[in-house]
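Novice: What follows is the file protein_6.txt, containing compact mmCIF, C-alpha atoms:
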# COMPACT_ATOMS: atom_id res chain seq x y z
CA MET S 12 6.60 -17.66 -19.14
CA LEU S 13 4.92 -17.61 -15.80
CA CYS S 14 3.10 -14.35 -16.20
CA GLN S 15 1.96 -14.46 -19.78
CA ASN S 16 -1.60 -15.39 -18.82
CA ASN S 17 -1.88 -13.16 -15.83
CA THR S 18 -1.20 -9.63 -16.97
CA LEU S 19 -3.77 -7.20 -15.74
CA ASN S 20 -1.72 -4.16 -14.88
CA THR S 21 1.83 -3.11 -14.10
CA LYS S 22 1.39 -3.79 -10.38
CA GLY S 23 0.05 -7.23 -11.16
CA ASP S 24 3.04 -7.88 -13.41
CA LEU S 25 5.44 -6.82 -10.67
CA LEU S 26 3.79 -8.99 -8.03
CA CYS S 27 3.76 -11.87 -10.47
CA LEU S 28 7.42 -11.35 -11.26
CA MET S 29 8.39 -11.16 -7.57
CA LEU S 30 6.54 -14.34 -6.76
CA SER S 31 7.84 -16.14 -9.84
CA CYS S 32 11.40 -15.23 -8.85
CA ALA S 33 10.78 -16.47 -5.34
CA LEU S 34 9.25 -19.71 -6.58
CA ARG S 35 12.04 -20.35 -9.10
CA CYS S 36 14.57 -20.11 -6.30
CA LEU S 37 12.59 -22.70 -4.39
CA ARG S 38 12.41 -25.33 -7.15
CA PRO S 39 13.15 -28.87 -6.01
CA SER S 40 16.51 -29.10 -7.79
CA SER S 41 17.80 -25.73 -6.54
CA CYS S 42 18.69 -24.19 -3.26
CA THR S 43 15.80 -24.19 -0.85
CA ARG S 44 17.43 -21.89 1.64
CA ALA S 45 17.46 -18.89 -0.66
CA PHE S 46 14.73 -17.05 1.17
CA SER S 47 14.52 -18.79 4.51
CA GLY S 48 17.95 -18.20 6.06
CA GLN S 49 18.10 -14.44 5.79
CA LEU S 50 14.74 -14.02 7.48
CA ALA S 51 15.50 -16.07 10.56
CA HIS S 52 15.50 -12.94 12.74
CA HIS S 53 12.74 -10.98 11.03
CA ARG S 54 10.64 -8.90 13.38
CA PRO S 55 7.61 -6.80 12.50
CA HIS S 56 7.46 -3.01 12.73
CA MET S 57 5.50 -2.69 15.96
CA ASP S 58 5.86 -0.42 18.95
CA PRO S 59 7.64 -2.76 21.40
CA SER S 60 5.66 -1.36 24.32
CA ALA S 61 2.25 -1.95 22.71
CA PRO S 62 0.24 -4.77 24.28
CA ARG S 63 0.04 -7.87 22.11
CA PRO S 64 -2.64 -10.06 23.64
CA VAL S 65 -3.29 -12.20 20.56
CA GLU S 66 0.39 -12.88 19.95
CA THR S 67 0.80 -13.79 23.62
CA THR S 68 -2.15 -16.15 23.51
CA ILE S 69 -0.86 -17.84 20.36
CA ARG S 70 2.53 -18.32 21.94
CA THR S 71 1.03 -19.70 25.14
CA LYS S 72 -1.34 -22.12 23.43
CA LEU S 73 1.24 -23.46 21.01
CA THR S 74 3.71 -23.95 23.83
CA GLN S 75 1.19 -25.82 25.94
CA ALA S 76 -0.09 -27.99 23.12
CA LEU S 77 3.08 -28.81 21.21
CA LYS S 78 5.93 -28.37 23.71
CA PRO S 79 8.13 -26.83 21.01
CA GLU S 80 11.91 -26.79 21.16
CA HIS S 81 11.78 -23.64 19.09
CA LEU S 82 8.84 -21.32 18.46
CA GLU S 83 8.49 -18.13 16.47
CA VAL S 84 5.26 -16.14 16.37
CA ILE S 85 5.41 -13.26 13.95
CA ASN S 86 2.68 -10.65 13.61
CA GLU S 87 2.50 -9.92 9.88
CA SER S 88 -0.54 -7.68 10.07
CA HIS S 89 1.53 -4.65 9.04
CA MET S 90 2.06 -6.36 5.67
CA HIS S 91 -1.67 -6.33 4.97
CA ALA S 92 -4.48 -3.88 4.37
CA VAL S 93 -5.44 -3.54 8.06
CA PRO S 94 -4.98 -0.65 10.55
CA PRO S 95 -1.62 -0.24 12.32
CA GLY S 96 -1.37 -2.20 15.53
CA SER S 97 -3.70 -4.97 14.29
CA GLU S 98 -3.18 -8.57 15.32
CA SER S 99 -4.97 -10.30 12.46
CA HIS S 100 -2.28 -11.92 10.31
CA PHE S 101 0.37 -14.18 11.80
CA ARG S 102 3.17 -16.51 10.78
CA VAL S 103 4.25 -19.28 13.14
CA LEU S 104 7.24 -21.57 13.05
CA VAL S 105 6.94 -24.53 15.38
CA VAL S 106 9.75 -27.01 15.96
CA SER S 107 8.53 -29.96 17.96
CA PRO S 108 9.29 -33.66 18.32
CA GLN S 109 5.52 -34.20 18.31
CA PHE S 110 5.62 -33.73 14.55
CA GLU S 111 7.75 -36.83 14.09
CA GLY S 112 6.06 -39.22 11.67
CA LEU S 113 3.20 -36.85 10.89
CA SER S 114 2.31 -35.61 7.43
CA LEU S 115 2.29 -31.88 6.69
CA LEU S 116 -1.48 -31.89 6.83
CA GLN S 117 -1.54 -33.64 10.22
CA ARG S 118 1.02 -31.21 11.61
CA HIS S 119 -0.86 -28.16 10.40
CA ARG S 120 -4.11 -29.54 11.78
CA LEU S 121 -2.47 -29.83 15.20
CA VAL S 122 -1.49 -26.18 15.04
CA ASN S 123 -4.93 -25.13 13.81
CA GLU S 124 -6.62 -27.14 16.53
CA SER S 125 -4.61 -25.54 19.31
CA LEU S 126 -5.54 -22.10 17.95
CA ARG S 127 -9.15 -22.93 17.08
CA GLU S 128 -10.64 -20.13 19.13
CA GLU S 129 -8.33 -17.44 17.75
CA LEU S 130 -8.82 -18.65 14.18
CA SER S 131 -12.58 -18.44 14.52
CA THR S 132 -12.49 -14.91 15.93
CA CYS S 133 -9.63 -12.45 15.56
CA VAL S 134 -6.97 -14.22 13.50
CA HIS S 135 -7.69 -13.84 9.81
CA ALA S 136 -4.60 -15.50 8.37
CA LEU S 137 -2.10 -17.95 9.78
CA ALA S 138 0.97 -19.02 7.84
CA ILE S 139 2.40 -22.19 9.33
CA GLN S 140 5.79 -23.84 9.25
CA THR S 141 6.25 -27.06 11.19
CA LYS S 142 9.49 -28.95 11.63
CA THR S 143 10.88 -31.76 13.72
CA PRO S 144 14.06 -30.88 15.66
CA GLN S 145 16.10 -32.78 13.08
CA GLN S 146 14.52 -30.92 10.18
CA TRP S 147 15.14 -27.64 11.96
CA SER S 148 18.81 -28.36 12.64
CA SER S 149 19.43 -29.33 9.02
CA ASN S 150 17.44 -26.40 7.59
CA PRO S 151 16.86 -23.54 10.03
CA GLY S 152 15.12 -20.37 8.88
CA LEU S 153 11.78 -18.69 8.55
CA ALA S 154 9.90 -18.70 5.27
CA LYS S 155 8.58 -15.47 3.83
CA SER S 156 4.92 -14.64 3.22
CA PRO S 157 3.90 -13.52 -0.27
CA PRO S 158 3.05 -9.85 -0.79
CA CYS S 159 -0.46 -8.79 0.15
CA MET S 160 -2.89 -8.27 -2.70
CA GLY S 161 -5.30 -6.19 -0.68
CA GLY S 162 -7.88 -8.90 -0.08
CA SER S 163 -8.63 -7.65 3.43
CA LYS S 164 -9.87 -4.37 1.98
CA HIS S 165 -12.60 -6.23 0.11
CA ASP S 166 -13.42 -8.60 2.93
CA ASP S 167 -16.65 -7.83 4.78
CA THR S 168 -15.67 -10.07 7.68
CA MET S 169 -12.49 -8.16 8.53
CA ALA S 170 -14.12 -5.43 10.62
CA GLU S 171 -15.60 -8.05 12.92
CA LYS S 172 -12.29 -9.87 13.27
CA LEU S 173 -10.38 -6.67 14.02
CA LYS S 174 -12.93 -5.77 16.65
CA ALA S 175 -12.65 -9.25 18.18
CA GLY S 176 -8.92 -8.73 18.42
CA ARG S 177 -9.31 -5.41 20.21
CA ASP S 178 -11.94 -6.60 22.72
CA MET J 21 -16.35 -8.42 -17.88
CA ASN J 22 -15.94 -10.48 -14.72
CA ASN J 23 -18.80 -8.56 -13.10
CA ILE J 24 -21.10 -9.39 -15.99
CA LEU J 25 -20.14 -13.02 -15.70
CA ARG J 26 -20.79 -13.05 -11.97
CA SER J 27 -24.19 -11.41 -12.33
CA THR J 28 -25.14 -13.90 -15.00
CA ALA J 29 -23.91 -16.74 -12.83
CA ARG J 30 -26.14 -15.72 -9.94
CA CYS J 31 -29.23 -15.91 -12.13
CA LEU J 32 -28.62 -19.51 -13.06
CA ARG J 33 -29.62 -22.59 -11.11
CA PRO J 34 -26.81 -24.51 -9.38
CA GLY J 35 -24.76 -26.26 -12.00
CA ALA J 36 -21.40 -26.14 -13.60
CA TRP J 37 -20.50 -24.32 -16.72
CA HIS J 38 -17.26 -23.38 -18.35
CA TYR J 39 -16.22 -19.90 -19.17
CA ARG J 40 -13.01 -18.40 -20.38
CA THR J 41 -11.37 -15.97 -18.05
CA ALA J 42 -10.86 -12.58 -19.66
CA GLN J 43 -8.59 -9.68 -19.07
CA ASN J 44 -10.06 -6.24 -18.56
CA ASN J 45 -9.22 -5.28 -22.10
CA GLY J 46 -11.38 -8.12 -23.43
CA GLU J 47 -8.60 -10.45 -24.61
CA MET J 48 -9.24 -14.10 -23.98
CA LEU J 49 -6.77 -16.20 -22.06
CA SER J 50 -5.92 -19.82 -22.63
CA GLY J 51 -6.79 -21.02 -19.11
CA TRP J 52 -10.34 -21.56 -17.87
CA ALA J 53 -12.10 -22.03 -14.57
CA ARG J 54 -15.44 -23.51 -13.69
CA LEU J 55 -17.59 -21.46 -11.34
CA MET J 56 -20.35 -22.77 -9.17
CA CYS J 57 -22.82 -20.36 -7.73
CA SER J 58 -25.00 -22.01 -5.18
CA SER J 59 -25.63 -22.13 -1.51
CA ALA J 60 -23.34 -24.80 -0.15
CA GLY J 61 -24.57 -27.52 2.16
CA GLN J 62 -22.19 -30.34 3.02
CA LYS J 63 -23.50 -32.44 0.14
CA ASN J 64 -22.88 -29.56 -2.23
CA MET J 65 -19.34 -29.15 -0.92
CA GLU J 66 -18.65 -32.82 -1.47
CA GLU J 67 -19.86 -32.54 -5.05
CA MET J 68 -17.79 -29.43 -5.63
CA VAL J 69 -14.53 -30.96 -4.43
CA LYS J 70 -15.06 -34.20 -6.33
CA LYS J 71 -16.21 -32.78 -9.63
CA ASP J 72 -12.76 -31.83 -10.83
CA LYS J 73 -9.29 -33.28 -10.42
CA VAL J 74 -7.92 -30.03 -9.06
CA VAL J 75 -10.15 -27.70 -7.05
CA VAL J 76 -9.07 -24.46 -5.43
CA PHE J 77 -11.05 -22.31 -3.02
CA MET J 78 -9.44 -18.90 -3.12
CA LYS J 79 -9.90 -15.20 -2.71
CA GLY J 80 -10.34 -13.70 -6.13
CA THR J 81 -9.89 -15.64 -9.35
CA PRO J 82 -6.89 -17.21 -11.07
CA VAL J 83 -6.81 -14.17 -13.36
CA GLN J 84 -7.17 -11.68 -10.53
CA PRO J 85 -6.27 -13.13 -7.14
CA MET J 86 -7.23 -10.91 -4.22
CA CYS J 87 -4.85 -12.38 -1.67
CA GLY J 88 -1.12 -13.09 -1.68
CA PHE J 89 -1.57 -16.63 -0.38
CA SER J 90 -4.23 -17.41 -2.98
CA ASN J 91 -1.99 -15.92 -5.64
CA ALA J 92 0.86 -18.16 -4.50
CA VAL J 93 -1.33 -21.24 -5.06
CA VAL J 94 -2.28 -20.03 -8.53
CA GLN J 95 1.34 -19.32 -9.42
CA ILE J 96 2.56 -22.69 -8.16
CA LEU J 97 -0.07 -24.52 -10.18
CA ARG J 98 0.82 -22.42 -13.20
CA MET J 99 4.50 -23.24 -12.82
CA HIS J 100 3.59 -26.91 -13.04
CA GLY J 101 1.47 -26.26 -16.11
CA VAL J 102 -1.83 -26.77 -14.31
CA ASP J 103 -4.05 -24.18 -15.98
CA SER J 104 -7.34 -26.06 -16.00
CA TYR J 105 -8.94 -26.39 -12.63
CA ALA J 106 -12.07 -25.41 -10.77
CA ALA J 107 -11.59 -22.19 -8.85
CA TYR J 108 -14.16 -20.87 -6.39
CA ASN J 109 -13.96 -17.26 -5.30
CA VAL J 110 -14.99 -17.26 -1.65
CA LEU J 111 -15.19 -13.46 -1.59
CA ASP J 112 -18.17 -13.74 -3.92
CA ASP J 113 -20.07 -16.26 -1.86
CA GLN J 114 -20.10 -16.32 1.92
CA ASP J 115 -21.92 -19.67 1.90
CA ILE J 116 -19.07 -21.29 0.00
CA ARG J 117 -16.53 -19.56 2.21
CA GLU J 118 -18.04 -20.84 5.43
CA GLY J 119 -19.11 -24.12 3.87
CA ILE J 120 -15.64 -25.15 2.74
CA LYS J 121 -14.06 -24.19 6.06
CA SER J 122 -16.54 -26.40 7.83
CA PHE J 123 -16.32 -29.21 5.28
CA SER J 124 -12.52 -29.30 5.32
CA ASN J 125 -12.31 -28.51 9.03
CA TRP J 126 -9.72 -25.95 7.98
CA PRO J 127 -9.96 -22.34 9.08
CA THR J 128 -8.29 -20.44 6.27
CA ILE J 129 -8.37 -19.79 2.53
CA PRO J 130 -6.89 -20.83 0.10
CA GLN J 131 -7.73 -24.53 0.13
CA VAL J 132 -6.61 -27.08 -2.43
CA TYR J 133 -8.23 -30.41 -3.30
CA PHE J 134 -6.78 -33.17 -5.51
CA ASN J 135 -9.25 -35.84 -6.64
CA GLY J 136 -11.69 -34.90 -3.92
CA GLU J 137 -9.08 -35.14 -1.21
CA PHE J 138 -8.02 -32.13 0.83
CA VAL J 139 -4.35 -31.31 0.26
CA GLY J 140 -3.95 -28.20 2.39
CA GLY J 141 -3.40 -24.50 2.02
CA CYS J 142 -0.70 -22.32 0.51
CA ASP J 143 2.03 -23.38 2.96
CA ILE J 144 1.54 -27.07 2.27
CA LEU J 145 1.36 -26.63 -1.50
CA LEU J 146 4.55 -24.56 -1.41
CA GLN J 147 6.39 -27.19 0.62
CA MET J 148 5.17 -29.91 -1.72
CA HIS J 149 6.47 -27.86 -4.62
CA GLN J 150 9.87 -27.38 -2.91
CA SER J 151 10.25 -31.03 -1.99
CA GLY J 152 9.20 -32.39 -5.38
CA ASP J 153 6.15 -34.10 -3.92
CA LEU J 154 3.83 -31.94 -5.98
CA VAL J 155 5.19 -33.40 -9.23
CA GLU J 156 4.42 -36.88 -7.89
CA GLU J 157 0.94 -35.97 -6.68
CA LEU J 158 0.07 -34.38 -10.01
CA GLN J 159 1.30 -37.52 -11.75
CA LYS J 160 -1.18 -39.56 -9.68
CA LEU J 161 -3.90 -37.30 -11.09
CA GLY J 162 -2.69 -38.02 -14.59
CA ILE J 163 -1.20 -34.55 -14.90
CA ARG J 164 2.36 -34.25 -16.12
CA SER J 165 4.10 -31.35 -14.44
CA ALA J 166 5.57 -28.80 -16.83
CA LEU J 167 8.68 -28.75 -14.65
CA LEU J 168 9.56 -32.23 -15.87
CA ASP J 169 9.66 -30.98 -19.44
CA GLN J 170 11.72 -27.95 -18.43
CA GLU J 171 14.28 -30.15 -16.70
CA LYS J 172 14.51 -32.33 -19.80
CA GLN J 173 15.26 -29.32 -21.98
CA SER J 174 17.96 -27.93 -19.69
Written as structure tokens, how would this file's structure read?

Specialist:
Amino acid sequence: MLCQNNTLNTKGDLLCLMLSCALRCLRPSSCTRAFSGQLAHHRPHMDPSAPRPVETTIRTKLTQALKPEHLEVINESHMHAVPPGSESHFRVLVVSPQFEGLSLLQRHRLVNESLREELSTCVHALAIQTKTPQQWSSNPGLAKSPPCMGGSKHDDTMAEKLKAGRD
Amino acid sequence: MNNILRSTARCLRPGAWHYRTAQNNGEMLSGWARLMCSSAGQKNMEEMVKKDKVVVFMKGTPVQPMCGFSNAVVQILRMHGVDSYAAYNVLDDQDIREGIKSFSNWPTIPQVYFNGEFVGGCDILLQMHQSGDLVEELQKLGIRSALLDQEKQS
């Protein structure tokens, strides 16, 4: 049902099917931990000795701004159409009591604000998960980013962002 | 087909029109999207986000998303039976891309608006979908989520 209006090619069908399966598992009445629990310890495929200045900066700034009880900063650049070793696409999970009483939008704005400089230069995409300590203890786990559809390949601004990350 | 539409769009003065999205093989689809092609000052952005109940700024189009996060937004809306909305392809227009980021004070694409109010990006829409809040928010727009009908049938 989901894909009947969106069939362009076999690859498109497959991506559509993958995402539709993921979304069906996350429907309000069904288990919401289907995809989050198993990825709690996901780590990207990067040379552990390679310098990671952008990741380090993100970690530092989020720690200073939000005093998180738990913080995960995942470089997802390898999942996208960018050169190996890039630091352009990230996922962050921030667990902080500062999110208490704030809407999703307010929480995400806090994260964006603390990373304003990086988001206007080298970071092209930032997937955000924000939880209070209570929300985290009742539902721990990292969400999964959808598969890349190659947008970075067609994005004229990417070269500049990748260069900003290297400099 | 989409290229022809885009070229035609650029020749026209700012203004909205409807077109039917088409597959590469020329078959028409049931959903439609309204495209604006104009340089976007703040006033323009305000008009764009208020003109339709549901407005999405994305990479690519609902028929051919060019980004996984944008695709996720399209798929979520589709799951709820929301097939008619204004979709703006930021990859086609740098003015719109920078304009909406500035207008929303939000650094990334996709961006979703309901009734002229900024909702958030892919992560927020997904969480709203998971929590059931999206059904409620769509109801406020006068849109009945398709998921409600599915639950009735099961």

Novice: If we count all atoms listed in the file, what is near Lys70 in chain J at a cut-off of 10 Å, once residues fewer than 3 positions away on the same chain are taken out, given as a PyMOL selection string?

Specialist: chain J and resi 64-67+73-75+133-137

Novice: Export C-alpha atoms of the chosen residues as a CSV table (one decimal), in the frame of the given file?

Specialist:
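And here's out-v1.csv as it stands now:
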chain,number,residue,atom,x,y,z
J,64,ASN,CA,-22.9,-29.6,-2.2
J,65,MET,CA,-19.3,-29.2,-0.9
J,66,GLU,CA,-18.6,-32.8,-1.5
J,67,GLU,CA,-19.9,-32.5,-5.0
J,73,LYS,CA,-9.3,-33.3,-10.4
J,74,VAL,CA,-7.9,-30.0,-9.1
J,75,VAL,CA,-10.2,-27.7,-7.0
J,133,TYR,CA,-8.2,-30.4,-3.3
J,134,PHE,CA,-6.8,-33.2,-5.5
J,135,ASN,CA,-9.2,-35.8,-6.6
J,136,GLY,CA,-11.7,-34.9,-3.9
J,137,GLU,CA,-9.1,-35.1,-1.2

Novice: Within 6 Å of range 138-141 of chain S, counting all atoms listed in the file, which residues show up once you throw out same-chain ones fewer than 2 positions away? Write them as a list in words, please.

Specialist: Arg102, Val103, Leu104, Val105 and Val106 of chain S

Novice: Do a neighbour search on Ser99 in chain S at 7 Å with only C-alpha atoms, toss out local chain neighbours closer than 2 positions, and write the hits as a list in words.

Specialist: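 Listed by chain and then number, they are Ser88, Ser97, Phe101, Cys133, Val134, His135, Ala136 and Leu173 of chain S.
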
Novice: If the cut-off is 6 Å, can you tell me the residues of chain J near chain S, counting all atoms listed in the file? I'd like them as a PyMOL selection string.

Specialist: chain J and resi 83+86-88+150-152

Novice: With C-alpha atoms kept, could you save the residues just selected as a PDB file, in the frame of the given file?

Specialist:
ATOM      1  CA  VAL J  83      -6.810 -14.170 -13.360  1.00  0.00           C
ATOM      2  CA  MET J  86      -7.230 -10.910  -4.220  1.00  0.00           C
ATOM      3  CA  CYS J  87      -4.850 -12.380  -1.670  1.00  0.00           C
ATOM      4  CA  GLY J  88      -1.120 -13.090  -1.680  1.00  0.00           C
ATOM      5  CA  GLN J 150       9.870 -27.380  -2.910  1.00  0.00           C
ATOM      6  CA  SER J 151      10.250 -31.030  -1.990  1.00  0.00           C
ATOM      7  CA  GLY J 152       9.200 -32.390  -5.380  1.00  0.00           C
TER       8      GLY J 152
END

Novice: For CA of Ser165 in chain J and CA of Gly101 in chain J, quote the distance in Å rounded to one decimal.

Specialist: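 Interatomic distance, CA of Ser165 in chain J to CA of Gly101 in chain J: 6.0 Å.
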
Novice: Which neighbours of Thr67 in chain S fall inside 12 Å, counting only C-alpha atoms, when residues of the same chain fewer than 6 positions from it are skipped, and could you give them as a VMD selection string?

Specialist: chain S and resid 61 73 to 74 83 to 86 98 101 126 129

Novice: For a test of reading the model, state the distance in Å between CA of Pro151 in chain S and CA of Leu145 in chain J, rounded to one decimal.

Specialist: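 For CA of Pro151 in chain S relative to CA of Leu145 in chain J, the distance reads 19.6 Å.
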
Novice: I'd like the contact shell of range 89-99 of chain J - 6 Å cut-off, all atoms listed in the file, skipping same-chain residues fewer than 2 positions apart - returned as a PyMOL selection string.

Specialist: chain J and resi 78+82+85+87+101-103+130+142

Novice: Please return, as a ChimeraX atom specification, all polymer residues that have at least one atom within 9 Å of the point (7.4, -33.0, 6.4); use only C-alpha atoms and the file's own coordinate frame.

Specialist: /S:110-116,118,141-143,146 /J:147-148

Novice: So what do you get for CA of Val65 in chain S versus CA of Ser125 in chain S, distance-wise?

Specialist: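 These atoms are spaced 13.5 Å apart.
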
Novice: Of the candidates J:Phe77, J:Asp153, J:Val69, J:His100, which one gets nearest to Thr128 in chain J if we count all atoms listed in the file?

Specialist: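 Smallest distance to Thr128 in chain J is found for J:Phe77.
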